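Peer 1: Dropping the structure in here first, questions after.
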Amino acid sequence: MTAHSVSRTGKECTAFDAAAPASPKDRLADIETLITRHRHAICGLLSAALGIVSIAEPVTVHIRQNDAWLTAAISLAVACFANAALTLGRNARLATHLLVAMVAGFVVLQVDMRTGMAWAFIVPPLILFMHPPRRGFAYVVGVAGVLLIACFSLHDARDLQRADNIDFICSFAVVTTVSTLFSRDLLATTAAVTAIAFRDPLTGLLQRDIFESLAKAQMKRAAFGEAALCVAIIDIDNMKRINDEWGHAAGDFAIQHVTRALTAALREADLCSRIGGDEFMVLFNGADADQASQIVERVLHCVSIPDARAPWHSEHRLTVSAGVAQLRGDEKFSDLYLLADRALIRAKRKGRNLVAGSN
């Protein structure tokens, strides 16, 4: 496999392995970000709820029985409220870790109040939701150790029989195992559904409706912040010939080859979607028409790199044409799309394998 480079851009573009599937970076970044935000929000709500329960129960039931536990419960409640506040800022990730420690402390306090056993079986699902199985299981094991130590240290005060301790350990192990399996399956299901709902199955690029939603949001930000933004439509040249002479499997290969070229040439901030059979759309954040055109030219270079595994071998040279349009004012997404599409038509008429601007 021969390597090629584009020196004027400073970014390498290599010949692609035809057997390698298209793998855009951060395929699930959008849904994972959404899940993380929801997890942080739930962390804040749980922290606040834990604080309310921590202070409400000893105040209403045990205030006259044990002042020491009341002081500890109030301290824990204050910590919970502070942790809830952390989720509102940049410390949301830290708050999810602290919540686990506070839940463990809460259960230990409840053991002496004869309600800790019930809470012990709520802890594993909670922790495994806040921290997925790769890390969550270690958290559960740590919390289990704290609970077991609390259980045995307060054995005399609770007057527990050894059989009760064994039952507790076995029950806790079962709940933890079931929660781990459920959480693992939930993550796998989320990833599968995301791949179907958000990504084109052939290329792994964003679905058109998802791309348009993200593009409209970016256009609003660009118009408000006066930042440059461009859209490009890229179309495979002579796609009908490829399908007619080498079959639709060759057409799929061409689409995936262009996808790999886009993945290699585009920047992290750019969005890309397959909007039709052999058409792609790219949104360039923070790039004017000249900069966007240079990036698209790099895509053209990457696409033109010959691949020995291509069905057409040396009988055909795969190329693409592109049209670029820059956001000038308050254009709608449909307006920018139309400008880029007209530029693409001009590139086709001028001989293909070209980049044309909207002006």
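Residues are referred to by chain and number: the chain letter is A, B, ... according to the order shown in the structure tokens, the number counts from 1 in that chain, and ligands are numbered separately from 1 in the order shown.
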Which polymer residues have any atom within 9 Å of an atom of Ile345 of chain A, counting only C-alpha atoms, with same-chain residues fewer than 5 positions away left out, as a count of residues only?

Peer 2: 6

Peer 1: Show me, as a PyMOL selection string, the residues that have an atom within 8 Å of Ala264 of chain A when counting only C-alpha atoms, minus same-chain residues fewer than 2 positions from it.

Peer 2: chain A and resi 13+260-262+266+302

Peer 1: For the selection you just gave me, I'd like the residues written to a file as a PDB file, in the first residue's frame, keeping N, CA and C atoms.

Peer 2:
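Saved result, again23.pdb, follows:
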```pdb
ATOM      1  N   CYS A  13      -2.602  11.708   3.499  1.00  0.00           N
ATOM      2  CA  CYS A  13      -3.750  11.041   2.910  1.00  0.00           C
ATOM      3  C   CYS A  13      -3.225   9.767   2.284  1.00  0.00           C
ATOM      4  N   ARG A 260     -14.204   7.189   3.323  1.00  0.00           N
ATOM      5  CA  ARG A 260     -12.892   7.112   3.975  1.00  0.00           C
ATOM      6  C   ARG A 260     -12.039   8.333   3.634  1.00  0.00           C
ATOM      7  N   ALA A 261     -12.166   8.816   2.411  1.00  0.00           N
ATOM      8  CA  ALA A 261     -11.429  10.023   2.030  1.00  0.00           C
ATOM      9  C   ALA A 261     -11.918  11.230   2.826  1.00  0.00           C
ATOM     10  N   LEU A 262     -13.226  11.343   2.999  1.00  0.00           N
ATOM     11  CA  LEU A 262     -13.784  12.440   3.792  1.00  0.00           C
ATOM     12  C   LEU A 262     -13.304  12.356   5.235  1.00  0.00           C
ATOM     13  N   LEU A 266     -11.205  15.649   6.442  1.00  0.00           N
ATOM     14  CA  LEU A 266     -11.944  16.674   7.171  1.00  0.00           C
ATOM     15  C   LEU A 266     -11.364  16.911   8.557  1.00  0.00           C
ATOM     16  N   CYS A 302      -7.594  12.846  -2.044  1.00  0.00           N
ATOM     17  CA  CYS A 302      -7.675  11.551  -1.362  1.00  0.00           C
ATOM     18  C   CYS A 302      -8.514  10.554  -2.156  1.00  0.00           C
TER      19      CYS A 302
END
```

Peer 1: Report, in Å to a single decimal, how far apart atom CA of Ile233 of chain A and atom CA of Gly351 of chain A are.

Peer 2: 16.4 Å

Peer 1: What is the atom CA of Ser293 of chain A to atom CA of Arg267 of chain A distance in Å?

Peer 2: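 Going from atom CA of Ser293 of chain A over to atom CA of Arg267 of chain A, I get 13.1 Å.
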
Peer 1: From the options A:Gly357, A:Pro124, A:Pro311, A:Gly251, which residue's atoms come nearest to Ala289 of chain A, counting only C-alpha atoms?

Peer 2: A:Gly357

Peer 1: As an exercise, work out the distance from atom CA of Val174 of chain A to atom CA of Leu99 of chain A in Å and give it to one decimal place.

Peer 2: 22.7 Å

Peer 1: Given the choices A:Thr87, A:Arg346, A:Ala254, A:Asp341, which gets closest to Pro306 of chain A if the distance is worked out from only C-alpha atoms?

Peer 2: A:Ala254

Peer 1: Pull the helix (DSSP H, G or I) assignments for segment 139-358 of chain A out of DSSP run on the backbone, and list those residues as JSON, numbers by chain.

Peer 2: {"A": [139, 140, 141, 142, 143, 144, 145, 146, 147, 148, 149, 150, 151, 152, 153, 155, 156, 157, 158, 162, 163, 164, 165, 166, 167, 168, 169, 170, 171, 172, 173, 174, 175, 176, 177, 178, 179, 180, 181, 182, 183, 184, 185, 186, 187, 188, 189, 190, 191, 192, 193, 194, 195, 196, 197, 198, 208, 209, 210, 211, 212, 213, 214, 215, 216, 217, 218, 219, 220, 221, 222, 223, 224, 225, 239, 240, 241, 242, 243, 244, 245, 246, 248, 249, 250, 251, 252, 253, 254, 255, 256, 257, 258, 259, 260, 261, 262, 263, 264, 265, 289, 290, 291, 292, 293, 294, 295, 296, 297, 298, 299, 300, 301, 302, 303, 304, 333, 334, 335, 336, 337, 338, 339, 340, 341, 342, 343, 344, 345, 346, 347, 348, 349]}

Peer 1: Using DSSP secondary structure from the backbone, list all strand (DSSP E) positions within segment 299-357 of chain A, as a PDB file with N, CA, C and O atoms, in the first residue's frame.

Peer 2:
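Ended up saving to states_3.pdb:
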```pdb
ATOM      1  N   VAL A 320     -14.563  12.956  -7.768  1.00  0.00           N
ATOM      2  CA  VAL A 320     -15.767  13.612  -7.258  1.00  0.00           C
ATOM      3  C   VAL A 320     -15.733  15.079  -7.658  1.00  0.00           C
ATOM      4  O   VAL A 320     -14.671  15.639  -7.922  1.00  0.00           O
ATOM      5  N   SER A 321     -16.915  15.680  -7.692  1.00  0.00           N
ATOM      6  CA  SER A 321     -17.041  17.123  -7.917  1.00  0.00           C
ATOM      7  C   SER A 321     -17.718  17.725  -6.699  1.00  0.00           C
ATOM      8  O   SER A 321     -18.449  17.034  -5.974  1.00  0.00           O
ATOM      9  N   ALA A 322     -17.491  19.027  -6.485  1.00  0.00           N
ATOM     10  CA  ALA A 322     -18.024  19.654  -5.270  1.00  0.00           C
ATOM     11  C   ALA A 322     -18.423  21.098  -5.533  1.00  0.00           C
ATOM     12  O   ALA A 322     -17.831  21.785  -6.378  1.00  0.00           O
ATOM     13  N   GLY A 323     -19.433  21.538  -4.801  1.00  0.00           N
ATOM     14  CA  GLY A 323     -19.850  22.929  -4.801  1.00  0.00           C
ATOM     15  C   GLY A 323     -19.816  23.463  -3.389  1.00  0.00           C
ATOM     16  O   GLY A 323     -20.254  22.778  -2.450  1.00  0.00           O
ATOM     17  N   VAL A 324     -19.293  24.663  -3.203  1.00  0.00           N
ATOM     18  CA  VAL A 324     -19.118  25.260  -1.875  1.00  0.00           C
ATOM     19  C   VAL A 324     -19.906  26.563  -1.792  1.00  0.00           C
ATOM     20  O   VAL A 324     -19.877  27.374  -2.724  1.00  0.00           O
ATOM     21  N   ALA A 325     -20.603  26.760  -0.689  1.00  0.00           N
ATOM     22  CA  ALA A 325     -21.341  28.004  -0.446  1.00  0.00           C
ATOM     23  C   ALA A 325     -21.076  28.471   0.971  1.00  0.00           C
ATOM     24  O   ALA A 325     -21.030  27.670   1.908  1.00  0.00           O
ATOM     25  N   GLN A 326     -20.886  29.782   1.133  1.00  0.00           N
ATOM     26  CA  GLN A 326     -20.595  30.354   2.451  1.00  0.00           C
ATOM     27  C   GLN A 326     -21.809  31.090   2.982  1.00  0.00           C
ATOM     28  O   GLN A 326     -22.535  31.755   2.237  1.00  0.00           O
ATOM     29  N   VAL A 355     -13.766  21.819  -7.836  1.00  0.00           N
ATOM     30  CA  VAL A 355     -14.480  22.477  -6.743  1.00  0.00           C
ATOM     31  C   VAL A 355     -14.923  23.831  -7.247  1.00  0.00           C
ATOM     32  O   VAL A 355     -14.098  24.620  -7.715  1.00  0.00           O
ATOM     33  N   ALA A 356     -16.219  24.110  -7.154  1.00  0.00           N
ATOM     34  CA  ALA A 356     -16.746  25.398  -7.612  1.00  0.00           C
ATOM     35  C   ALA A 356     -17.385  26.120  -6.435  1.00  0.00           C
ATOM     36  O   ALA A 356     -17.988  25.503  -5.555  1.00  0.00           O
ATOM     37  N   GLY A 357     -17.226  27.460  -6.430  1.00  0.00           N
ATOM     38  CA  GLY A 357     -17.828  28.276  -5.391  1.00  0.00           C
ATOM     39  C   GLY A 357     -19.183  28.787  -5.814  1.00  0.00           C
ATOM     40  O   GLY A 357     -19.574  28.719  -6.989  1.00  0.00           O
TER      41      GLY A 357
END
```
